$ cat input15.txt   # compact mmCIF, C-alpha atoms
# COMPACT_ATOMS: atom_id res chain seq x y z
CA MET A 298 131.85 -15.93 -206.32
CA LYS A 299 130.56 -13.77 -209.18
CA LYS A 300 133.15 -11.80 -211.09
CA GLY A 301 132.68 -8.52 -212.89
CA ILE A 302 130.59 -5.44 -212.13
CA TYR A 303 127.32 -3.98 -213.26
CA LEU A 304 128.15 -1.40 -215.90
CA LEU A 305 125.16 0.95 -216.03
CA PRO A 306 124.77 2.12 -212.39
CA ASN A 307 128.54 2.33 -211.87
CA ALA A 308 128.96 4.33 -215.09
CA ILE A 309 126.36 6.81 -213.81
CA THR A 310 128.23 7.02 -210.49
CA LEU A 311 131.45 7.80 -212.37
CA CYS A 312 129.63 10.54 -214.28
CA GLY A 313 128.74 12.09 -210.93
CA MET A 314 132.35 11.77 -209.81
CA PHE A 315 133.47 13.49 -213.01
CA ALA A 316 131.05 16.34 -212.35
CA GLY A 317 132.54 16.75 -208.88
CA PHE A 318 136.08 16.70 -210.27
CA PHE A 319 135.10 19.25 -212.92
CA SER A 320 133.69 21.45 -210.15
CA ILE A 321 137.06 21.43 -208.36
CA ILE A 322 138.92 22.39 -211.54
CA ALA A 323 136.38 25.12 -212.33
CA SER A 324 136.66 26.55 -208.79
CA LEU A 325 140.45 26.72 -209.03
CA ASP A 326 140.04 28.44 -212.41
CA GLY A 327 137.68 31.05 -210.95
CA LYS A 328 134.59 29.76 -212.77
CA PHE A 329 132.45 29.60 -209.65
CA THR A 330 128.99 29.43 -211.22
CA ALA A 331 130.05 26.55 -213.47
CA ALA A 332 131.54 24.81 -210.43
CA ALA A 333 128.27 25.19 -208.54
CA TRP A 334 126.19 23.85 -211.42
CA ALA A 335 128.57 20.89 -211.71
CA ILE A 336 127.80 20.00 -208.08
CA VAL A 337 124.09 20.20 -208.87
CA LEU A 338 124.65 17.87 -211.83
CA ALA A 339 126.57 15.49 -209.57
CA GLY A 340 123.52 15.45 -207.30
CA VAL A 341 121.33 14.42 -210.24
CA PHE A 342 123.68 11.55 -211.08
CA ASP A 343 123.83 10.57 -207.40
CA GLY A 344 120.08 10.13 -207.26
CA LEU A 345 119.95 8.50 -210.67
CA ASP A 346 122.51 5.74 -210.06
CA GLY A 347 120.68 4.34 -207.04
CA TRP A 348 117.33 4.52 -208.82
CA VAL A 349 118.70 2.72 -211.88
CA ALA A 350 120.37 0.07 -209.71
CA ARG A 351 117.10 -0.67 -207.92
CA LEU A 352 115.05 -0.56 -211.13
CA THR A 353 117.34 -2.97 -212.98
CA ASN A 354 118.14 -5.09 -209.91
CA THR A 355 121.86 -4.38 -210.33
CA SER A 356 122.69 -3.21 -206.81
CA SER A 357 126.01 -4.48 -205.49
CA ARG A 358 128.44 -3.95 -202.65
CA PHE A 359 130.96 -2.61 -205.15
CA GLY A 360 128.46 -0.02 -206.36
CA VAL A 361 127.72 1.09 -202.79
CA GLU A 362 131.41 1.59 -202.02
CA LEU A 363 132.04 3.41 -205.31
CA ASP A 364 129.05 5.67 -204.65
CA SER A 365 130.45 6.64 -201.23
CA LEU A 366 133.84 7.49 -202.71
CA ALA A 367 132.19 9.55 -205.44
CA ASP A 368 130.15 11.39 -202.80
CA VAL A 369 133.31 12.35 -200.91
CA ILE A 370 134.67 13.99 -204.06
CA SER A 371 131.47 15.55 -205.41
CA PHE A 372 129.80 16.60 -202.15
CA GLY A 373 132.70 16.70 -199.70
CA VAL A 374 135.78 18.07 -201.47
CA ALA A 375 134.19 20.01 -204.36
CA PRO A 376 131.91 22.26 -202.21
CA ALA A 377 134.78 22.87 -199.76
CA VAL A 378 137.09 23.99 -202.58
CA LEU A 379 134.29 26.10 -204.07
CA SER A 380 133.46 27.81 -200.78
CA PHE A 381 137.14 28.51 -200.05
CA THR A 382 138.10 29.88 -203.46
CA TRP A 383 134.86 31.86 -203.79
CA ALA A 384 134.44 33.37 -200.33
CA LEU A 385 136.65 31.98 -197.55
CA SER A 386 140.15 32.67 -198.86
CA PRO A 387 140.25 36.21 -197.35
CA PHE A 388 140.12 34.60 -193.89
CA GLY A 389 143.44 32.83 -194.49
CA ARG A 390 144.01 29.89 -192.14
CA VAL A 391 140.54 30.24 -190.67
CA GLY A 392 139.07 29.98 -194.16
CA TRP A 393 140.82 26.77 -195.15
CA ALA A 394 140.21 25.34 -191.67
CA VAL A 395 136.46 25.89 -192.11
CA ALA A 396 136.63 24.38 -195.61
CA PHE A 397 138.42 21.33 -194.20
CA LEU A 398 135.85 21.13 -191.40
CA TYR A 399 133.16 20.78 -194.04
CA THR A 400 135.06 18.01 -195.85
CA ALA A 401 135.83 16.14 -192.64
CA CYS A 402 132.24 16.34 -191.38
CA GLY A 403 131.01 15.19 -194.78
CA ALA A 404 133.29 12.15 -194.71
CA LEU A 405 132.22 11.35 -191.15
CA ARG A 406 128.59 11.70 -192.19
CA LEU A 407 129.07 9.23 -195.03
CA ALA A 408 130.90 6.75 -192.79
CA ARG A 409 128.11 6.90 -190.21
CA PHE A 410 125.48 6.51 -192.93
CA ASN A 411 127.19 3.40 -194.30
CA VAL A 412 127.18 1.86 -190.83
CA GLN A 413 123.61 2.81 -189.90
CA LYS A 414 121.74 2.62 -193.21
CA GLU A 415 120.39 -0.88 -192.53
CA THR A 416 118.98 0.16 -189.14
CA GLU A 417 118.49 3.81 -188.18
CA GLU A 418 118.53 5.39 -191.66
CA LYS A 419 116.10 3.32 -193.70
CA LYS A 420 113.84 6.34 -194.27
CA SER A 421 114.72 9.59 -192.51
CA PHE A 422 118.33 10.74 -192.15
CA THR A 423 120.30 11.20 -188.94
CA GLY A 424 122.06 14.47 -189.63
CA MET A 425 121.86 16.47 -192.84
CA PRO A 426 122.76 14.29 -195.85
CA ILE A 427 125.94 15.39 -197.58
CA PRO A 428 124.30 15.94 -201.02
CA ALA A 429 121.88 18.38 -199.37
CA ALA A 430 124.77 20.20 -197.67
CA ALA A 431 126.57 20.48 -201.01
CA GLY A 432 123.32 21.70 -202.56
CA VAL A 433 123.15 24.55 -200.03
CA VAL A 434 126.65 25.73 -200.97
CA SER A 435 126.06 25.50 -204.72
CA ALA A 436 122.58 27.07 -204.48
CA PHE A 437 123.98 30.12 -202.68
CA VAL A 438 126.77 30.56 -205.24
CA ILE A 439 124.29 30.41 -208.13
CA PHE A 440 121.85 32.71 -206.33
CA TYR A 441 124.54 35.28 -205.54
CA ALA A 442 125.79 35.28 -209.15
CA ASN A 443 122.33 36.40 -210.31
CA MET A 444 121.86 39.15 -207.72
CA THR A 445 121.53 42.72 -208.96
CA TRP A 446 123.19 43.86 -205.74
CA ALA A 447 126.39 42.46 -204.28
CA PRO A 448 126.69 42.42 -200.48
CA ASP A 449 129.79 41.00 -198.86
CA ARG A 450 129.45 37.24 -198.92
CA SER A 451 132.48 36.16 -196.88
CA TYR A 452 131.03 36.20 -193.37
CA PHE A 453 127.71 34.70 -194.43
CA VAL A 454 129.44 31.82 -196.21
CA LEU A 455 131.72 31.32 -193.20
CA VAL A 456 128.71 30.96 -190.91
CA ILE A 457 126.65 28.79 -193.27
CA VAL A 458 129.53 26.38 -193.98
CA ILE A 459 130.19 25.95 -190.24
CA LEU A 460 126.45 25.44 -189.64
CA ILE A 461 125.92 22.78 -192.29
CA SER A 462 129.16 21.05 -191.26
CA PHE A 463 127.82 20.49 -187.75
CA LEU A 464 124.35 19.65 -189.06
CA MET A 465 125.86 16.80 -191.08
CA VAL A 466 127.38 15.13 -188.01
CA SER A 467 124.51 16.01 -185.69
CA THR A 468 121.85 13.57 -184.50
CA LEU A 469 119.05 15.78 -185.79
CA ARG A 470 116.42 14.15 -187.99
CA PHE A 471 116.14 15.25 -191.61
CA HIS A 472 113.55 14.01 -194.06
CA SER A 473 114.34 11.80 -197.03
CA LEU A 474 112.59 11.21 -200.34
CA LYS A 475 112.43 7.57 -199.26
CA GLU A 476 109.58 8.57 -196.96
CA ILE A 477 107.41 9.22 -200.03
CA ASN A 478 105.80 6.06 -201.36
CA MET A 479 105.52 6.62 -205.11
CA ARG A 480 103.20 3.61 -205.48
CA GLU A 481 100.47 5.12 -203.32
CA ARG A 482 97.81 7.49 -204.62
CA LYS A 483 98.44 11.14 -203.77
CA PRO A 484 96.11 14.16 -203.60
CA PHE A 485 95.65 15.93 -206.93
CA PHE A 486 97.03 19.23 -205.60
CA ILE A 487 100.46 17.62 -205.13
CA LEU A 488 100.73 17.15 -208.89
CA VAL A 489 99.67 20.77 -209.43
CA ALA A 490 102.27 21.93 -206.89
CA LEU A 491 104.94 19.87 -208.68
CA VAL A 492 104.07 21.48 -212.01
CA PHE A 493 104.25 24.91 -210.35
CA VAL A 494 107.70 24.19 -208.90
CA ILE A 495 108.96 23.00 -212.30
CA ALA A 496 107.61 26.15 -213.97
CA VAL A 497 109.21 28.43 -211.36
CA PHE A 498 112.48 26.53 -211.63
CA TYR A 499 112.45 27.02 -215.40
CA MET A 500 111.91 30.78 -214.99
CA HIS A 501 114.15 31.38 -211.96
CA PRO A 502 116.34 28.33 -211.23
CA GLU A 503 118.71 30.27 -208.97
CA LEU A 504 115.87 31.58 -206.76
CA THR A 505 114.12 28.21 -206.67
CA MET A 506 117.23 26.30 -205.66
CA PHE A 507 118.16 28.81 -202.97
CA SER A 508 114.61 28.81 -201.57
CA ILE A 509 114.52 25.01 -201.44
CA ALA A 510 117.90 24.87 -199.72
CA ILE A 511 116.97 27.41 -197.05
CA THR A 512 113.54 25.81 -196.57
CA TYR A 513 115.09 22.37 -196.10
CA ILE A 514 117.45 23.63 -193.38
CA SER A 515 114.71 25.67 -191.69
CA ILE A 516 112.20 22.80 -191.63
CA GLY A 517 114.84 20.48 -190.18
CA LEU A 518 115.79 22.90 -187.40
CA VAL A 519 112.20 23.85 -186.53
CA GLU A 520 110.97 20.26 -186.52
CA ASN A 521 113.82 19.06 -184.32
CA ALA A 522 113.32 21.97 -181.92
CA TYR A 523 109.62 21.06 -181.68
CA LEU A 524 110.39 17.38 -181.07
CA ALA A 525 112.89 18.33 -178.37
CA LEU A 526 110.31 20.52 -176.62
CA VAL A 527 107.65 17.80 -176.80
CA LYS A 528 110.06 15.22 -175.44
CA LYS A 529 111.08 17.58 -172.62
CA GLU A 530 107.46 18.19 -171.59
CA LYS A 531 106.65 14.49 -171.35
CA PRO A 532 106.94 13.12 -167.78

$ encode --input "input15.txt" --output "structure tokens"
Amino acid sequence: MKKGIYLLPNAITLCGMFAGFFSIIASLDGKFTAAAWAIVLAGVFDGLDGWVARLTNTSSRFGVELDSLADVISFGVAPAVLSFTWALSPFGRVGWAVAFLYTACGALRLARFNVQKETEEKKSFTGMPIPAAAGVVSAFVIFYANMTWAPDRSYFVLVIVILISFLMVSTLRFHSLKEINMRERKPFFILVALVFVIAVFYMHPELTMFSIAITYISIGLVENAYLALVKKEKP
């Protein structure tokens, strides 16, 4: 039995966990935009640790378990605390119940993913992945902070948190970056589109993130509705 752990990928995972923990502290301190950006940073680390582990051939069972625990903090607890302190607290018990619903559904989503990842979830996801759900919450907070007008956010956040909570534990199909084979040649316009997205993100990161978040949810819902209709029409 080999002793010890791989340092690099696990250190990156801990950086993501720290970003999630910082987000919780910032939310409790009323620094909501900083808390949202910390969740975004945690998402970057979450994608980076797996990529580094595969690139350096340092994947391990320990790293997988640590990554799941970090995800619970960064994408389960941190967005729930952010949504409650930022918008749901006026609802009292209903507010913290909805925030807990998000955390619970996120934990259930991760548990199901760990069980099914070797079979059903090799490429596409069953249910919205928890980093994407956390990205929706953080994207809306950042977008709202840069609005020139300030509509009431409480009811919208209440609805969106309930929606993404159930989407996480649903059986709906959501796309994954694993479906894109980076080793295959791609059309030239894809590179141009990528450059355009980067440029727009540099100019208006809050608008870009919010648009991507809403588009991801919309595509998932529309595609699954279409697949359900096609399946229903088949004899």

$ closest_residue --input "input15.txt" --among "A:Phe453, A:Arg351, A:Val361, A:Phe329" --to "Asn307 of chain A" --atoms "all atoms listed in the file"
A:Val361

$ closest_residue --input "input15.txt" --among "A:Val466, A:Ala396, A:Val391, A:Val492" --to "Ile427 of chain A" --atoms "only C-alpha atoms"
A:Val466

$ closest_residue --input "input15.txt" --among "A:Ala333, A:Leu407, A:Leu464, A:Leu345" --to "Tyr441 of chain A" --atoms "all atoms listed in the file"
A:Ala333

$ closest_residue --input "input15.txt" --among "A:Leu469, A:Val395, A:Met506, A:Ile370" --to "Tyr452 of chain A" --atoms "all atoms listed in the file"
A:Val395

$ atom_distance --input "input15.txt" --atom1 "atom CA of Ser467 of chain A" --atom2 "atom CA of Met425 of chain A"
7.6 Å

$ atom_distance --input "input15.txt" --atom1 "atom CA of Thr400 of chain A" --atom2 "atom CA of Gly340 of chain A"
16.5 Å

$ atom_distance --input "input15.txt" --atom1 "atom CA of Asp449 of chain A" --atom2 "atom CA of Tyr499 of chain A"
27.7 Å

$ closest_residue --input "input15.txt" --among "A:Phe463, A:Trp393, A:Phe486, A:Phe440" --to "Arg406 of chain A" --atoms "only C-alpha atoms"
A:Phe463

$ closest_residue --input "input15.txt" --among "A:Ala401, A:Ala331, A:Leu352, A:Ala436" --to "Pro306 of chain A" --atoms "all atoms listed in the file"
A:Leu352

$ closest_atom_pairs --input "input15.txt" --of "segment 375-470 of chain A" --to "segment 311-325 of chain A" --cutoff "10 Å" --atoms "all atoms listed in the file" --output "tab-separated table"
residue	atom	partner	partner_atom	distance
A:Ala375	CA	A:Ile321	CA	5.1
A:Pro376	CA	A:Ile321	CA	8.1
A:Ala377	CA	A:Ile321	CA	9.0
A:Val378	CA	A:Ile321	CA	6.3
A:Leu379	CA	A:Ser324	CA	5.3
A:Ser380	CA	A:Ser324	CA	8.7
A:Phe381	CA	A:Ser324	CA	9.0
A:Thr382	CA	A:Ser324	CA	6.4
A:Trp383	CA	A:Ser324	CA	7.5

$ residues_near_point --input "input15.txt" --point "(134.2, 12.0, -194.3)" --cutoff "12 Å" --atoms "all atoms listed in the file" --output "ChimeraX atom specification"
/A:365-374,397-411,426-427,462,465-466
